[in-house]
Amino acid sequence: MEISRLADTKYYDKIKIFSVFFFLIVLIGRFINLYWALPHKLDSAAFIGISFFAVLFVGLDLINSKKIYKTPNLMYLLFFTVSCTISCLIYIEYGWGGNLKALISIFVSLFFLYPFVTINGKEVTKKIIIRLQKILIIVWMIVAVASVITFLIQYSNIFYVSGTRILVGCIENRLFGFFSDPNYASVISILTIIFSVAILNYKNQSKLMRAICIANIIVQFIYIVLGASRTGEVCLLLVALVSGFVYSYKFKPSGKFYMVFIRILIAICLCVSIHYLIEYSRELFSYTPSFFSSVSEPDHGSSSFIFHQVSMERPDVAESTDISNLRFRIWGSALEIFKTSWAFGASPRNALVYAKDVLPGAFIVTRGYDAHNFYVAVLLYTGLFGALFLGCFLIKSAYLIIKYYIKNRFSVDDPFFNSLVISALCVAASGMFLSEILFITTLGSFFFWLFLGYIMNSIDCNSKCNVEDR
């Protein structure tokens with residue numbers, strides 16, 4: 001069978017769709033701490049297998065249909081990838097294996113996930129995304145419930161498997177539960193809340209699925225509160241602010257100015273309400289373990305119920321005078337290293353090794369930190385050229401999305417589209433504190449690029465239809 005004809009077989013689309021769902025399951029597993037008790041070779045094999053098929057699909061689609069060339073703003077991403085590749089080649093003396101993995105992650109995100117809707121069509125992609133949303137909601141809720149239980153019984157444990165440190169339960173007054181990191185987990189919890197709100201607005205959804213979505217919103221909010229992730233709280237408040245404005249389109253008072261004012265007021269009130277709800281909920285939840293454990297009375301030595309409060313204060317925050325928890329110093333240190341290689345950066349995986357030669361006393365070098373900021377990381381890893389191309393892409397995408405909402409008078413009556421926009425915004429905001437959007441494939445980056453591709457394709461199609469109608 002000719003390679004160009006392989007994409008015409010009846011199994012091709014089924015294998016592609018299966019690979020997307022399998023990709024999701026593997027990425028979910030990477031966020032669950034017990035997953036890392038499995039042999040690392042198993043995880044590597046799964047990731048390599050998925051990456052191989054993703055690259056194969058892109059190659060076949062390029063040869064067979066060439067629809068990928070119609071992907072909006074793809075040229076910026078192509079130039080960015082070339083710039084990043086040059087950076088990797090410049091610093092190949094420091095190693096090539098890590099950078100190769102980073103390039104594969106970039107390729108999968110930019111040329112498999114982002115153009116997915118352009119190649120496979122909006123209807124097919126929409127059905128896939130809705131199923132992905134439901135799978136993540138159900139799985140994430142199960143793990144979140146199990147995690148909350150570890151808080152209620154005040155379970156905590158740290159153990160090592162093949163040199164990997166695994167934290168379970170309540171560690172340093174914050175809830176890890178069965179998630180590998182509360183910061184990343186909280187961002188995904190917010191995504192499942194966004195998905196749940198959207199599904200509640202979808203038509204023809206079963207009562208069971210609606211009940212699951214309502215339960216999930218409650219469970220994920222509890223986890224975000226107990227996880228004590230400031231990144232998660234900032235993202236949740238931003239999502240509440242934007243969602244309050246976007247979803248209030250059904251409220252239509254007389255007068256255009258009055259309508260905008262009321263919607264802004266609704267958004268602000270929702271944001272402020274959630275902020276105080278988080279604060280009071282944390283105080284309330286600090287007493288709940290009392291109902292699930294008994295405490296020995298100091299005088300009589302007998303075991304009986306005593307209403308007590310557990311500490312919810314993070315030591316790393318309470319004992320630090322730095323409001324940013326060292327992030328400002330980390331970002332500043334990363335920018336210092338960037339200045340020594342401003343054109344093409346220091347490459348995604350060799351930046352710290354390179355910095356040991358040129359700035360051995362730099363803060364992130366002595367501490368072994370990464371950039372802790374996706375946008376700073378782009379500068380550090382790919383330099384001014386990479387940042388220019390990716391920055392142009394992101395800024396143009398944001399401009400087109402805002403323009404689309406303005407054109408529709410901020411009354412886009414499409415819960416599916418709105419959920420994708422708000423989800424992409426959530427991940428983009430988390431990039432201010434995490435480095436997960438591009439250089440490593442995670443759940444956040446998976447949904448960000450898949451959703452952004454659908455959003456831009458929809459806006460592009462809408463624009464072309466309007467031009468044709470004229």
# chains A, B, ... in the order shown; residues from 1 in each chain; ligands from 1
call {"tool": "residues_around", "arguments": {"residues": "Gly391 (chain A)", "least_positions_apart": "3", "cutoff": "12 Å", "atoms": "only C-alpha atoms", "output": "ChimeraX atom specification"}}
result
/A:73,76-77,79-80,374-376,378-379,382-388,394-399
call {"tool": "write_last_selection", "arguments": {"atoms": "C-alpha atoms", "output": "PDB file, in the first residue's frame"}}
result
ATOM      1  CA  ASN A  73      -1.856  31.580  11.602  1.00  0.00           C
ATOM      2  CA  TYR A  76       3.950  31.872  13.003  1.00  0.00           C
ATOM      3  CA  LEU A  77       4.126  28.461  14.681  1.00  0.00           C
ATOM      4  CA  PHE A  79       8.790  29.904  12.268  1.00  0.00           C
ATOM      5  CA  PHE A  80       8.748  29.456  16.040  1.00  0.00           C
ATOM      6  CA  PHE A 374       5.818  30.015  30.485  1.00  0.00           C
ATOM      7  CA  TYR A 375       6.291  33.447  28.921  1.00  0.00           C
ATOM      8  CA  VAL A 376       9.649  34.008  30.608  1.00  0.00           C
ATOM      9  CA  VAL A 378       9.920  31.228  25.971  1.00  0.00           C
ATOM     10  CA  LEU A 379      12.462  34.051  26.166  1.00  0.00           C
ATOM     11  CA  THR A 382      14.074  30.260  22.401  1.00  0.00           C
ATOM     12  CA  GLY A 383      15.369  33.830  22.626  1.00  0.00           C
ATOM     13  CA  LEU A 384      14.027  36.961  21.017  1.00  0.00           C
ATOM     14  CA  PHE A 385      13.260  35.301  17.689  1.00  0.00           C
ATOM     15  CA  GLY A 386      11.226  32.486  19.195  1.00  0.00           C
ATOM     16  CA  ALA A 387       9.398  34.890  21.521  1.00  0.00           C
ATOM     17  CA  LEU A 388       8.649  37.199  18.585  1.00  0.00           C
ATOM     18  CA  LEU A 394      -0.723  34.527  20.722  1.00  0.00           C
ATOM     19  CA  ILE A 395      -1.404  38.257  20.469  1.00  0.00           C
ATOM     20  CA  LYS A 396      -3.122  37.871  17.107  1.00  0.00           C
ATOM     21  CA  SER A 397      -5.191  34.956  18.424  1.00  0.00           C
ATOM     22  CA  ALA A 398      -6.267  36.984  21.461  1.00  0.00           C
ATOM     23  CA  TYR A 399      -7.107  39.950  19.223  1.00  0.00           C
TER      24      TYR A 399
END
call {"tool": "residues_around", "arguments": {"residues": "Leu238 (chain A)", "least_positions_apart": "5", "cutoff": "12 Å", "atoms": "only C-alpha atoms", "output": "list in words"}}
result
Val187, Ile190, Thr231, Gly232, Glu233, Ser243, Gly244, Phe245, Ala267, Ile268, Leu270, Cys271, Val272, Ile274, His275, Ile422, Ser423, Ala424, Leu425, Cys426, Val427, Ala428, Ala429 and Ser430 of chain A
call {"tool": "write_last_selection", "arguments": {"atoms": "C-alpha atoms", "output": "mmCIF file, in the first residue's frame"}}
result
data_model
loop_
_atom_site.group_PDB
_atom_site.id
_atom_site.type_symbol
_atom_site.label_atom_id
_atom_site.label_comp_id
_atom_site.auth_asym_id
_atom_site.auth_seq_id
_atom_site.Cartn_x
_atom_site.Cartn_y
_atom_site.Cartn_z
ATOM 1 C CA VAL A 187 -5.796 24.312 37.177
ATOM 2 C CA ILE A 190 -10.939 24.578 37.166
ATOM 3 C CA THR A 231 -2.053 29.760 41.162
ATOM 4 C CA GLY A 232 -5.337 27.865 41.192
ATOM 5 C CA GLU A 233 -7.104 30.618 43.129
ATOM 6 C CA SER A 243 -17.480 33.727 32.864
ATOM 7 C CA GLY A 244 -19.696 36.116 34.778
ATOM 8 C CA PHE A 245 -19.496 38.558 31.887
ATOM 9 C CA ALA A 267 -18.829 39.611 36.742
ATOM 10 C CA ILE A 268 -17.153 41.597 39.529
ATOM 11 C CA LEU A 270 -19.230 36.847 41.117
ATOM 12 C CA CYS A 271 -15.449 37.181 41.357
ATOM 13 C CA VAL A 272 -15.571 38.863 44.777
ATOM 14 C CA ILE A 274 -15.936 33.404 45.082
ATOM 15 C CA HIS A 275 -12.919 35.027 46.719
ATOM 16 C CA ILE A 422 -12.597 30.337 28.918
ATOM 17 C CA SER A 423 -10.587 27.103 29.240
ATOM 18 C CA ALA A 424 -7.858 28.402 26.936
ATOM 19 C CA LEU A 425 -7.791 31.641 28.935
ATOM 20 C CA CYS A 426 -7.430 29.673 32.176
ATOM 21 C CA VAL A 427 -4.426 27.723 30.880
ATOM 22 C CA ALA A 428 -2.898 30.897 29.405
ATOM 23 C CA ALA A 429 -3.255 32.616 32.804
ATOM 24 C CA SER A 430 -1.703 29.635 34.594
#
call {"tool": "residues_around", "arguments": {"residues": "Ile119 (chain A)", "least_positions_apart": "3", "cutoff": "12 Å", "atoms": "only C-alpha atoms", "output": "number ranges by chain"}}
result
A: 7, 13, 16, 57-58, 60-62, 64-72, 111-116, 122-125, 453-454, 457
call {"tool": "closest_residue", "arguments": {"among": "A:Leu24, A:Ile86, A:Val117, A:Leu390", "to": "Asp460 (chain A)", "atoms": "only C-alpha atoms"}}
result
A:Val117
call {"tool": "closest_residue", "arguments": {"among": "A:Val145, A:Leu226, A:Gly59, A:Ile193", "to": "Ile214 (chain A)", "atoms": "only C-alpha atoms"}}
result
A:Ile193
call {"tool": "residues_around", "arguments": {"residues": "Thr192 (chain A)", "least_positions_apart": "3", "cutoff": "12 Å", "atoms": "only C-alpha atoms", "output": "VMD selection string"}}
result
chain A and resid 130 132 to 141 144 185 to 189 195 to 199 212 to 221 224 236 419 to 420 422 to 423 426 443 to 444 447
call {"tool": "write_last_selection", "arguments": {"atoms": "C-alpha atoms", "output": "mmCIF file, in the first residue's frame"}}
result
data_model
loop_
_atom_site.group_PDB
_atom_site.id
_atom_site.type_symbol
_atom_site.label_atom_id
_atom_site.label_comp_id
_atom_site.auth_asym_id
_atom_site.auth_seq_id
_atom_site.Cartn_x
_atom_site.Cartn_y
_atom_site.Cartn_z
ATOM 1 C CA ILE A 130 -17.273 16.758 24.317
ATOM 2 C CA LEU A 132 -12.917 14.237 26.243
ATOM 3 C CA GLN A 133 -14.608 16.739 28.542
ATOM 4 C CA LYS A 134 -16.872 14.057 30.005
ATOM 5 C CA ILE A 135 -14.030 11.574 30.506
ATOM 6 C CA LEU A 136 -11.913 14.145 32.332
ATOM 7 C CA ILE A 137 -14.850 15.248 34.507
ATOM 8 C CA ILE A 138 -15.596 11.703 35.657
ATOM 9 C CA VAL A 139 -11.992 10.609 36.233
ATOM 10 C CA TRP A 140 -10.926 13.883 37.870
ATOM 11 C CA MET A 141 -13.941 13.850 40.190
ATOM 12 C CA ALA A 144 -10.598 14.508 43.779
ATOM 13 C CA ALA A 185 -4.153 19.745 39.688
ATOM 14 C CA SER A 186 -6.033 22.900 40.702
ATOM 15 C CA VAL A 187 -5.796 24.312 37.177
ATOM 16 C CA ILE A 188 -7.241 21.084 35.740
ATOM 17 C CA SER A 189 -9.940 21.128 38.439
ATOM 18 C CA PHE A 195 -16.609 21.806 31.257
ATOM 19 C CA SER A 196 -19.329 20.970 33.786
ATOM 20 C CA VAL A 197 -20.984 24.378 33.446
ATOM 21 C CA ALA A 198 -20.904 24.012 29.664
ATOM 22 C CA ILE A 199 -22.383 20.491 29.693
ATOM 23 C CA ILE A 212 -22.292 14.278 37.796
ATOM 24 C CA CYS A 213 -21.479 17.776 36.543
ATOM 25 C CA ILE A 214 -23.170 19.438 39.531
ATOM 26 C CA ALA A 215 -21.368 17.101 41.935
ATOM 27 C CA ASN A 216 -18.092 17.725 40.147
ATOM 28 C CA ILE A 217 -18.357 21.509 40.511
ATOM 29 C CA ILE A 218 -18.771 21.102 44.279
ATOM 30 C CA VAL A 219 -15.990 18.509 44.649
ATOM 31 C CA GLN A 220 -13.479 20.436 42.555
ATOM 32 C CA PHE A 221 -14.156 23.655 44.423
ATOM 33 C CA ILE A 224 -9.095 23.886 45.108
ATOM 34 C CA LEU A 236 -10.381 30.541 39.352
ATOM 35 C CA SER A 419 -16.200 26.870 27.372
ATOM 36 C CA LEU A 420 -13.265 26.471 24.987
ATOM 37 C CA ILE A 422 -12.597 30.337 28.918
ATOM 38 C CA SER A 423 -10.587 27.103 29.240
ATOM 39 C CA CYS A 426 -7.430 29.673 32.176
ATOM 40 C CA LEU A 443 -3.282 18.029 30.269
ATOM 41 C CA GLY A 444 -3.202 21.822 30.227
ATOM 42 C CA PHE A 447 -6.510 21.100 25.899
#
call {"tool": "select_by_dssp", "arguments": {"residues": "region 31-170 of chain A", "states": "strand (DSSP E)", "output": "list of chain:residue names"}}
result
A:Ser156, A:Asn157, A:Ile158, A:Phe159, A:Tyr160, A:Val161, A:Thr164, A:Arg165, A:Ile166, A:Leu167, A:Val168, A:Gly169, A:Cys170
call {"tool": "write_last_selection", "arguments": {"atoms": "C-alpha atoms", "output": "PDB file, in the first residue's frame"}}
result
ATOM      1  CA  SER A 156      -0.242  11.797  54.877  1.00  0.00           C
ATOM      2  CA  ASN A 157       2.613   9.717  53.557  1.00  0.00           C
ATOM      3  CA  ILE A 158       5.825  10.240  51.622  1.00  0.00           C
ATOM      4  CA  PHE A 159       7.525   7.267  50.058  1.00  0.00           C
ATOM      5  CA  TYR A 160       9.983   6.502  47.288  1.00  0.00           C
ATOM      6  CA  VAL A 161       9.628   4.130  44.353  1.00  0.00           C
ATOM      7  CA  THR A 164      10.798   8.819  42.646  1.00  0.00           C
ATOM      8  CA  ARG A 165       9.383  10.784  45.588  1.00  0.00           C
ATOM      9  CA  ILE A 166       5.638  10.257  45.917  1.00  0.00           C
ATOM     10  CA  LEU A 167       3.505  12.395  48.223  1.00  0.00           C
ATOM     11  CA  VAL A 168       0.024  11.244  49.249  1.00  0.00           C
ATOM     12  CA  GLY A 169      -2.554  13.047  51.362  1.00  0.00           C
ATOM     13  CA  CYS A 170      -1.972  16.242  53.370  1.00  0.00           C
TER      14      CYS A 170
END
call {"tool": "atom_distance", "arguments": {"atom1": "CA of Asn33 (chain A)", "atom2": "CA of Phe178 (chain A)"}}
result
5.6 Å
call {"tool": "select_by_dssp", "arguments": {"residues": "region 137-367 of chain A", "states": "alpha helix (DSSP H)", "output": "PyMOL selection string"}}
result
chain A and resi 137-152+182-201+207-227+230-246+256-285+315-318+327-340+351-358+363-367
call {"tool": "closest_atom_pairs", "arguments": {"of": "region 98-171 of chain A", "to": "region 310-314 of chain A", "cutoff": "12 Å", "atoms": "only C-alpha atoms", "output": "Markdown table"}}
result
| residue | atom | partner | partner_atom | distance |
| --- | --- | --- | --- | --- |
| A:Phe151 | CA | A:Val310 | CA | 10.1 |
| A:Leu152 | CA | A:Val310 | CA | 10.3 |
| A:Ile153 | CA | A:Val310 | CA | 11.3 |
| A:Gln154 | CA | A:Val310 | CA | 9.0 |
| A:Cys170 | CA | A:Met312 | CA | 10.1 |
| A:Ile171 | CA | A:Arg314 | CA | 9.3 |
call {"tool": "write_last_selection", "arguments": {"atoms": "C-alpha atoms", "output": "PDB file, in the first residue's frame"}}
result
ATOM      1  CA  PHE A 151      -7.860  15.289  54.158  1.00  0.00           C
ATOM      2  CA  LEU A 152     -10.855  14.291  56.244  1.00  0.00           C
ATOM      3  CA  ILE A 153      -8.945  11.450  57.882  1.00  0.00           C
ATOM      4  CA  GLN A 154      -5.747  13.551  57.928  1.00  0.00           C
ATOM      5  CA  CYS A 170      -1.972  16.242  53.370  1.00  0.00           C
ATOM      6  CA  ILE A 171       1.585  17.528  53.145  1.00  0.00           C
TER       7      ILE A 171
END
call {"tool": "residues_around", "arguments": {"residues": "Asn408 (chain A)", "least_positions_apart": "6", "cutoff": "12 Å", "atoms": "only C-alpha atoms", "output": "JSON list (two decimals) with C-alpha atoms, in the first residue's frame"}}
result
[["chain", "number", "residue", "atom", "x", "y", "z"],
["A", 246, "VAL", "CA", -19.71, 36.00, 29.06],
["A", 249, "TYR", "CA", -25.49, 37.61, 27.79],
["A", 401, "ILE", "CA", -11.13, 36.27, 19.83],
["A", 402, "ILE", "CA", -11.86, 39.64, 21.43],
["A", 414, "ASP", "CA", -22.81, 28.92, 22.30],
["A", 459, "ILE", "CA", -13.62, 32.41, 13.90],
["A", 462, "ASN", "CA", -17.25, 32.72, 10.41]]
call {"tool": "residues_around", "arguments": {"residues": "Arg327 (chain A)", "least_positions_apart": "2", "cutoff": "12 Å", "atoms": "only C-alpha atoms", "output": "list in words"}}
result
Thr231, Asp322, Ile323, Ser324, Asn325, Arg329, Ile330, Trp331, Gly332, Ser333, Ala334, Phe363, Ile364, Tyr369, Asp370, Ala371, His372, Asn373, Val376, Met432, Phe433 and Leu434 of chain A
call {"tool": "write_last_selection", "arguments": {"atoms": "N, CA and C atoms", "output": "compact mmCIF listing (two decimals), in the first residue's frame"}}
result
# COMPACT_ATOMS: atom_id res chain seq x y z
N THR A 231 -1.89 29.76 42.62
CA THR A 231 -2.05 29.76 41.16
C THR A 231 -3.48 29.37 40.80
N ASP A 322 8.53 37.06 51.13
CA ASP A 322 8.39 37.32 49.70
C ASP A 322 6.97 36.96 49.27
N ILE A 323 6.19 37.97 48.88
CA ILE A 323 4.79 37.74 48.51
C ILE A 323 4.66 36.83 47.29
N SER A 324 5.69 36.81 46.45
CA SER A 324 5.64 36.00 45.23
C SER A 324 6.15 34.58 45.45
N ASN A 325 6.56 34.26 46.70
CA ASN A 325 7.12 32.95 47.00
C ASN A 325 8.32 32.65 46.09
N ARG A 329 12.23 36.57 42.00
CA ARG A 329 13.67 36.30 41.91
C ARG A 329 13.96 35.28 40.82
N ILE A 330 13.10 34.28 40.70
CA ILE A 330 13.27 33.25 39.67
C ILE A 330 13.15 33.87 38.29
N TRP A 331 12.13 34.69 38.08
CA TRP A 331 11.94 35.32 36.77
C TRP A 331 13.10 36.26 36.45
N GLY A 332 13.53 37.02 37.43
CA GLY A 332 14.65 37.93 37.21
C GLY A 332 15.92 37.18 36.86
N SER A 333 16.16 36.07 37.54
CA SER A 333 17.35 35.26 37.28
C SER A 333 17.29 34.67 35.87
N ALA A 334 16.11 34.21 35.47
CA ALA A 334 15.95 33.65 34.12
C ALA A 334 16.22 34.70 33.06
N PHE A 363 20.53 32.65 40.46
CA PHE A 363 19.65 32.08 41.49
C PHE A 363 19.03 30.75 41.05
N ILE A 364 18.53 30.69 39.82
CA ILE A 364 17.87 29.45 39.40
C ILE A 364 18.89 28.34 39.16
N TYR A 369 16.05 25.55 39.73
CA TYR A 369 14.67 25.85 39.37
C TYR A 369 14.52 26.01 37.86
N ASP A 370 13.28 25.79 37.39
CA ASP A 370 12.99 26.20 36.02
C ASP A 370 12.42 27.62 36.08
N ALA A 371 11.92 28.11 34.97
CA ALA A 371 11.51 29.53 34.91
C ALA A 371 10.24 29.82 35.70
N HIS A 372 9.40 28.82 35.96
CA HIS A 372 8.13 29.00 36.68
C HIS A 372 7.26 30.07 36.04
N ASN A 373 7.41 30.24 34.75
CA ASN A 373 6.59 31.20 34.00
C ASN A 373 6.78 30.86 32.53
N VAL A 376 8.23 33.79 30.35
CA VAL A 376 9.65 34.01 30.61
C VAL A 376 10.45 32.85 30.03
N MET A 432 1.47 32.12 33.64
CA MET A 432 2.21 33.15 34.37
C MET A 432 2.94 32.56 35.57
N PHE A 433 2.53 31.38 36.01
CA PHE A 433 3.11 30.77 37.21
C PHE A 433 3.65 29.36 36.97
N LEU A 434 3.26 28.76 35.84
CA LEU A 434 3.70 27.41 35.50
C LEU A 434 4.30 27.44 34.10
call {"tool": "residues_around", "arguments": {"residues": "Asn350 (chain A)", "least_positions_apart": "5", "cutoff": "8 Å", "atoms": "only C-alpha atoms", "output": "VMD selection string"}}
result
chain A and resid 91 94 to 95 98 to 99
call {"tool": "write_last_selection", "arguments": {"atoms": "C-alpha atoms", "output": "short mmCIF file (atom, residue, chain, number, x, y, z; two decimals), in the first residue's frame"}}
result
data_model
loop_
_atom_site.label_atom_id
_atom_site.label_comp_id
_atom_site.auth_asym_id
_atom_site.auth_seq_id
_atom_site.Cartn_x
_atom_site.Cartn_y
_atom_site.Cartn_z
CA TYR A 91 23.63 24.10 22.30
CA TYR A 94 25.26 20.27 26.32
CA GLY A 95 23.07 17.34 25.29
CA GLY A 98 16.11 16.34 26.42
CA ASN A 99 15.82 18.90 23.64
#
call {"tool": "atom_distance", "arguments": {"atom1": "CA of Phe179 (chain A)", "atom2": "CA of Ile142 (chain A)"}}
result
11.5 Å
call {"tool": "atom_distance", "arguments": {"atom1": "CA of Lys127 (chain A)", "atom2": "CA of Val421 (chain A)"}}
result
16.9 Å
call {"tool": "decode", "arguments": {"residues": "region 401-432 of chain A", "atoms": "N, CA and C atoms", "output": "PDB file, in the first residue's frame"}}
result
ATOM      1  N   ILE A 401     -10.082  36.743  18.922  1.00  0.00           N
ATOM      2  CA  ILE A 401     -11.130  36.266  19.833  1.00  0.00           C
ATOM      3  C   ILE A 401     -11.913  37.435  20.409  1.00  0.00           C
ATOM      4  N   ILE A 402     -11.197  38.453  20.879  1.00  0.00           N
ATOM      5  CA  ILE A 402     -11.860  39.643  21.433  1.00  0.00           C
ATOM      6  C   ILE A 402     -12.702  40.336  20.352  1.00  0.00           C
ATOM      7  N   LYS A 403     -12.142  40.427  19.160  1.00  0.00           N
ATOM      8  CA  LYS A 403     -12.860  41.052  18.039  1.00  0.00           C
ATOM      9  C   LYS A 403     -14.142  40.284  17.725  1.00  0.00           C
ATOM     10  N   TYR A 404     -14.059  38.956  17.802  1.00  0.00           N
ATOM     11  CA  TYR A 404     -15.230  38.120  17.521  1.00  0.00           C
ATOM     12  C   TYR A 404     -16.341  38.381  18.539  1.00  0.00           C
ATOM     13  N   TYR A 405     -15.966  38.492  19.811  1.00  0.00           N
ATOM     14  CA  TYR A 405     -16.966  38.765  20.845  1.00  0.00           C
ATOM     15  C   TYR A 405     -17.538  40.172  20.717  1.00  0.00           C
ATOM     16  N   ILE A 406     -16.684  41.134  20.390  1.00  0.00           N
ATOM     17  CA  ILE A 406     -17.169  42.509  20.202  1.00  0.00           C
ATOM     18  C   ILE A 406     -18.139  42.574  19.021  1.00  0.00           C
ATOM     19  N   LYS A 407     -17.777  41.896  17.955  1.00  0.00           N
ATOM     20  CA  LYS A 407     -18.626  41.865  16.761  1.00  0.00           C
ATOM     21  C   LYS A 407     -19.998  41.285  17.075  1.00  0.00           C
ATOM     22  N   ASN A 408     -20.024  40.310  17.987  1.00  0.00           N
ATOM     23  CA  ASN A 408     -21.291  39.684  18.388  1.00  0.00           C
ATOM     24  C   ASN A 408     -21.879  40.321  19.640  1.00  0.00           C
ATOM     25  N   ARG A 409     -21.369  41.529  19.968  1.00  0.00           N
ATOM     26  CA  ARG A 409     -21.853  42.306  21.109  1.00  0.00           C
ATOM     27  C   ARG A 409     -21.773  41.507  22.417  1.00  0.00           C
ATOM     28  N   PHE A 410     -20.742  40.716  22.528  1.00  0.00           N
ATOM     29  CA  PHE A 410     -20.490  39.900  23.710  1.00  0.00           C
ATOM     30  C   PHE A 410     -21.692  39.015  24.053  1.00  0.00           C
ATOM     31  N   SER A 411     -22.411  38.593  23.019  1.00  0.00           N
ATOM     32  CA  SER A 411     -23.584  37.739  23.224  1.00  0.00           C
ATOM     33  C   SER A 411     -23.466  36.483  22.370  1.00  0.00           C
ATOM     34  N   VAL A 412     -22.412  35.712  22.617  1.00  0.00           N
ATOM     35  CA  VAL A 412     -22.185  34.472  21.880  1.00  0.00           C
ATOM     36  C   VAL A 412     -22.972  33.363  22.577  1.00  0.00           C
ATOM     37  N   ASP A 413     -24.102  32.997  21.991  1.00  0.00           N
ATOM     38  CA  ASP A 413     -24.992  32.004  22.600  1.00  0.00           C
ATOM     39  C   ASP A 413     -24.556  30.595  22.187  1.00  0.00           C
ATOM     40  N   ASP A 414     -23.366  30.229  22.614  1.00  0.00           N
ATOM     41  CA  ASP A 414     -22.807  28.916  22.295  1.00  0.00           C
ATOM     42  C   ASP A 414     -21.977  28.438  23.485  1.00  0.00           C
ATOM     43  N   PRO A 415     -22.580  27.663  24.387  1.00  0.00           N
ATOM     44  CA  PRO A 415     -21.858  27.229  25.594  1.00  0.00           C
ATOM     45  C   PRO A 415     -20.607  26.414  25.287  1.00  0.00           C
ATOM     46  N   PHE A 416     -20.619  25.682  24.173  1.00  0.00           N
ATOM     47  CA  PHE A 416     -19.446  24.892  23.802  1.00  0.00           C
ATOM     48  C   PHE A 416     -18.285  25.808  23.443  1.00  0.00           C
ATOM     49  N   PHE A 417     -18.526  26.760  22.554  1.00  0.00           N
ATOM     50  CA  PHE A 417     -17.487  27.706  22.141  1.00  0.00           C
ATOM     51  C   PHE A 417     -17.000  28.516  23.333  1.00  0.00           C
ATOM     52  N   ASN A 418     -17.923  28.987  24.153  1.00  0.00           N
ATOM     53  CA  ASN A 418     -17.546  29.780  25.331  1.00  0.00           C
ATOM     54  C   ASN A 418     -16.671  28.982  26.287  1.00  0.00           C
ATOM     55  N   SER A 419     -16.995  27.705  26.462  1.00  0.00           N
ATOM     56  CA  SER A 419     -16.200  26.870  27.372  1.00  0.00           C
ATOM     57  C   SER A 419     -14.773  26.702  26.871  1.00  0.00           C
ATOM     58  N   LEU A 420     -14.613  26.623  25.554  1.00  0.00           N
ATOM     59  CA  LEU A 420     -13.265  26.471  24.987  1.00  0.00           C
ATOM     60  C   LEU A 420     -12.456  27.748  25.176  1.00  0.00           C
ATOM     61  N   VAL A 421     -13.101  28.890  24.957  1.00  0.00           N
ATOM     62  CA  VAL A 421     -12.412  30.175  25.117  1.00  0.00           C
ATOM     63  C   VAL A 421     -11.989  30.381  26.567  1.00  0.00           C
ATOM     64  N   ILE A 422     -12.899  30.135  27.498  1.00  0.00           N
ATOM     65  CA  ILE A 422     -12.597  30.337  28.918  1.00  0.00           C
ATOM     66  C   ILE A 422     -11.540  29.334  29.385  1.00  0.00           C
ATOM     67  N   SER A 423     -11.592  28.112  28.882  1.00  0.00           N
ATOM     68  CA  SER A 423     -10.587  27.103  29.240  1.00  0.00           C
ATOM     69  C   SER A 423      -9.212  27.505  28.744  1.00  0.00           C
ATOM     70  N   ALA A 424      -9.144  27.965  27.492  1.00  0.00           N
ATOM     71  CA  ALA A 424      -7.858  28.402  26.936  1.00  0.00           C
ATOM     72  C   ALA A 424      -7.316  29.588  27.717  1.00  0.00           C
ATOM     73  N   LEU A 425      -8.204  30.496  28.131  1.00  0.00           N
ATOM     74  CA  LEU A 425      -7.791  31.641  28.935  1.00  0.00           C
ATOM     75  C   LEU A 425      -7.243  31.184  30.284  1.00  0.00           C
ATOM     76  N   CYS A 426      -7.879  30.203  30.885  1.00  0.00           N
ATOM     77  CA  CYS A 426      -7.430  29.673  32.176  1.00  0.00           C
ATOM     78  C   CYS A 426      -6.016  29.114  32.084  1.00  0.00           C
ATOM     79  N   VAL A 427      -5.760  28.308  31.051  1.00  0.00           N
ATOM     80  CA  VAL A 427      -4.426  27.723  30.880  1.00  0.00           C
ATOM     81  C   VAL A 427      -3.406  28.812  30.567  1.00  0.00           C
ATOM     82  N   ALA A 428      -3.799  29.792  29.737  1.00  0.00           N
ATOM     83  CA  ALA A 428      -2.898  30.897  29.405  1.00  0.00           C
ATOM     84  C   ALA A 428      -2.537  31.692  30.658  1.00  0.00           C
ATOM     85  N   ALA A 429      -3.513  31.896  31.550  1.00  0.00           N
ATOM     86  CA  ALA A 429      -3.255  32.616  32.804  1.00  0.00           C
ATOM     87  C   ALA A 429      -2.352  31.801  33.720  1.00  0.00           C
ATOM     88  N   SER A 430      -2.547  30.491  33.756  1.00  0.00           N
ATOM     89  CA  SER A 430      -1.703  29.635  34.594  1.00  0.00           C
ATOM     90  C   SER A 430      -0.255  29.665  34.125  1.00  0.00           C
ATOM     91  N   GLY A 431      -0.060  29.995  32.834  1.00  0.00           N
ATOM     92  CA  GLY A 431       1.286  30.097  32.295  1.00  0.00           C
ATOM     93  C   GLY A 431       2.116  31.188  32.935  1.00  0.00           C
ATOM     94  N   MET A 432       1.470  32.118  33.642  1.00  0.00           N
ATOM     95  CA  MET A 432       2.205  33.149  34.366  1.00  0.00           C
ATOM     96  C   MET A 432       2.943  32.561  35.573  1.00  0.00           C
TER      97      MET A 432
END
